[in-house]
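Take a look at the structure below.
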Amino acid sequence: MNDPRPLILLVEDEPQIRRFVRSALEDEGQVIETATAAAALEAFSAQDPALAIIDLGLPDRDGVDLIRDLRSWTQLPLLVLSARSAEAEKVAALDAGADDYLSKPFGVRELQARVRALLRRQRVGAGETVISFGSIRVDRAQRTVTRKGTEIHLTPIEYRLLGVLLNNVGRVLTHRQLLKEVWGPGHVERGHYLRIYIGHLRQKLEVDPARPRHLLTEIGVGYRFQLHEPAP
């Protein structure tokens, strides 16, 4: 009988990490393992993974280069696991096309939550006409945003920013990526735009704007939209 769970490709050269990840994700999907970038590309050709988890420090090639290559032909969710914790390293991987980033060491529950969010993103994505979170309902066909039936007015830029975030549920978007998508390539250095408009969206959409549950900041990197509130 075929296993109905999603196929997760793990690209990691440390055997202990591979065993840890396989054990952590046994309830989330089937895990296939590779230790090099070359083997990962072969696995992509032979398999049909729903998500890939990639270490940046691979023995035959830098993981950022592998991510960039993969992004040239697939929109498969890509989660980075790496000992490189500097913000510049995270931004480089995310700008290359990674969807999310976990620094080693990491906990089982955090890994599971990130994987579930990325797998869910495939089901939500740009194809969903109506998306709900908390008491908010976004109807993209009608271009309306409501809270418990009462319409919330968003400016065109606020709506466009929210739309980009909703198209990338669970994914970390860097400041540069968001500025380019919402304002255009000539505005990628104007990070203050984002702070202002994310603040506006939090005031309008979050129950407690000072403690957001959906429009989350990744310090020094960018922002993430989280569809479901974390368990207490």
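So you can find residues: chains in the structure tokens are A, B, ... in the order shown, residues in each start at 1, and ligands are numbered from 1 in order.
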**DSSP-assigned strand (DSSP E or B) among chain A, expressed as a VMD selection string** = chain A and resid 7 to 11 30 to 34 51 to 55 57 62 78 to 82 100 to 103 130 to 133 136 to 139 144 to 147 150 to 151 172 to 174 215 to 218 222 to 225
*Within 12 Å of A:Glu110 using only C-alpha atoms, minus same-chain residues under 6 positions, as number ranges by chain*: A: 21, 24-25, 81, 100-104, 116-117, 230-231
With distances taken over only C-alpha atoms, the candidate from A:Leu173, A:Leu111, A:Val164, A:Leu76 nearest A:Leu216 is A:Leu173
As a PyMOL selection string, please: the residues near stretch 138-143 of chain A (cut-off 6 Å, only C-alpha atoms, same-chain neighbours under 5 positions excluded). chain A and resi 129-131
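Non-sequential neighbours of A:Ala38 (distance at most 9 Å, separation of 4 or more positions within a chain, only C-alpha atoms) are Thr34, Glu42, Ala43, Asp60 and Arg61 of chain A.
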Output file for the residues above (C-alpha atoms, as a PDB file, in the first residue's frame):
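What follows is the written file out_19.pdb:
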```pdb
ATOM      1  CA  THR A  34      20.826  12.522   1.020  1.00  0.00           C
ATOM      2  CA  GLU A  42      19.292  13.035  -8.295  1.00  0.00           C
ATOM      3  CA  ALA A  43      16.600  12.537  -5.664  1.00  0.00           C
ATOM      4  CA  ASP A  60      30.356  19.115  -2.318  1.00  0.00           C
ATOM      5  CA  ARG A  61      28.616  22.471  -2.701  1.00  0.00           C
TER       6      ARG A  61
END
```
Residues of stretch 76-152 of chain A in helix (DSSP H, G or I) according to DSSP, as number ranges by chain?
-> A: 87-96, 108-124
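Residue nearest A:Leu79 within the list A:Asp13, A:Asp208, A:Asp99, A:Glu28: A:Asp99 [criterion: smallest interatomic distance, only C-alpha atoms].
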Non-local contacts of A:Ala93 (8 Å; only C-alpha atoms; under 3 positions in same chain excluded) as an mmCIF file with N, CA and C atoms, in the first residue's frame:
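Result went into selection_14.cif, see below:
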```
data_model
loop_
_atom_site.group_PDB
_atom_site.id
_atom_site.type_symbol
_atom_site.label_atom_id
_atom_site.label_comp_id
_atom_site.auth_asym_id
_atom_site.auth_seq_id
_atom_site.Cartn_x
_atom_site.Cartn_y
_atom_site.Cartn_z
ATOM 1 N N VAL A 64 23.456 27.386 -0.367
ATOM 2 C CA VAL A 64 22.809 28.551 -0.994
ATOM 3 C C VAL A 64 22.792 28.394 -2.511
ATOM 4 N N ILE A 67 20.070 25.923 -3.383
ATOM 5 C CA ILE A 67 18.764 26.572 -3.287
ATOM 6 C C ILE A 67 18.495 27.424 -4.517
ATOM 7 N N VAL A 80 15.738 25.661 5.420
ATOM 8 C CA VAL A 80 17.177 25.578 5.677
ATOM 9 C C VAL A 80 17.427 25.188 7.133
ATOM 10 N N GLU A 89 23.770 35.566 6.832
ATOM 11 C CA GLU A 89 23.686 34.215 6.269
ATOM 12 C C GLU A 89 22.216 33.832 6.032
ATOM 13 N N LYS A 90 21.364 34.174 6.982
ATOM 14 C CA LYS A 90 19.942 33.873 6.824
ATOM 15 C C LYS A 90 19.359 34.630 5.634
ATOM 16 N N ALA A 96 18.032 33.803 -1.804
ATOM 17 C CA ALA A 96 18.292 32.820 -2.860
ATOM 18 C C ALA A 96 17.043 32.007 -3.186
ATOM 19 N N GLY A 97 16.062 32.009 -2.254
ATOM 20 C CA GLY A 97 14.813 31.311 -2.532
ATOM 21 C C GLY A 97 14.321 30.379 -1.454
ATOM 22 N N ALA A 98 15.056 30.277 -0.330
ATOM 23 C CA ALA A 98 14.574 29.446 0.780
ATOM 24 C C ALA A 98 13.305 30.064 1.358
#
```
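If only C-alpha atoms are the atoms counted, then among A:Asn168, A:Tyr159, A:Ile136, A:Val11 the closest residue to A:Ser82 is A:Val11.
Candidate residues A:Val145, A:Val108, A:Ala113, A:Ala35 were compared for distance to A:Pro15, and the nearest is A:Ala35, using only C-alpha atoms.
Rounded to one decimal, atom CA of A:Leu205 and atom CA of A:Lys180 lie 23.1 Å from each other.
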- Please identify all polymer residues within 9 Å of A:Arg176, counting only C-alpha atoms, omitting same-chain residues fewer than 4 positions from it, and present them as number ranges by chain. A: 95, 180-181, 185, 187-191, 222
Those residues with C-alpha atoms, as a compact mmCIF listing (two decimals), in the first residue's frame please?
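Final output, saved to part.txt:
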```
# COMPACT_ATOMS: atom_id res chain seq x y z
CA ASP A 95 17.02 35.83 -0.88
CA LYS A 180 10.48 44.58 -4.35
CA GLU A 181 7.10 42.80 -4.51
CA PRO A 185 12.77 47.13 -7.49
CA HIS A 187 12.63 50.71 -3.37
CA VAL A 188 14.55 47.72 -1.99
CA GLU A 189 16.64 49.85 0.39
CA ARG A 190 13.69 51.68 1.98
CA GLY A 191 13.05 49.41 4.93
CA GLY A 222 12.04 40.25 7.46
```
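One distance worth recording is that between atom CA of A:Tyr193 and atom CA of A:Tyr223, which is 13.2 Å.
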>> Taking 4 positions as the minimum chain separation for residues in the same chain, which residues sit within 12 Å of A:Val169 when counting only C-alpha atoms? Answer as a ChimeraX atom specification.
In response: /A:77,99-100,114-126,128,131-133,162-165,173,214-216,223-228
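Between atom CA of A:Gln112 and atom CA of A:Asn167 there is a distance of 21.1 Å.
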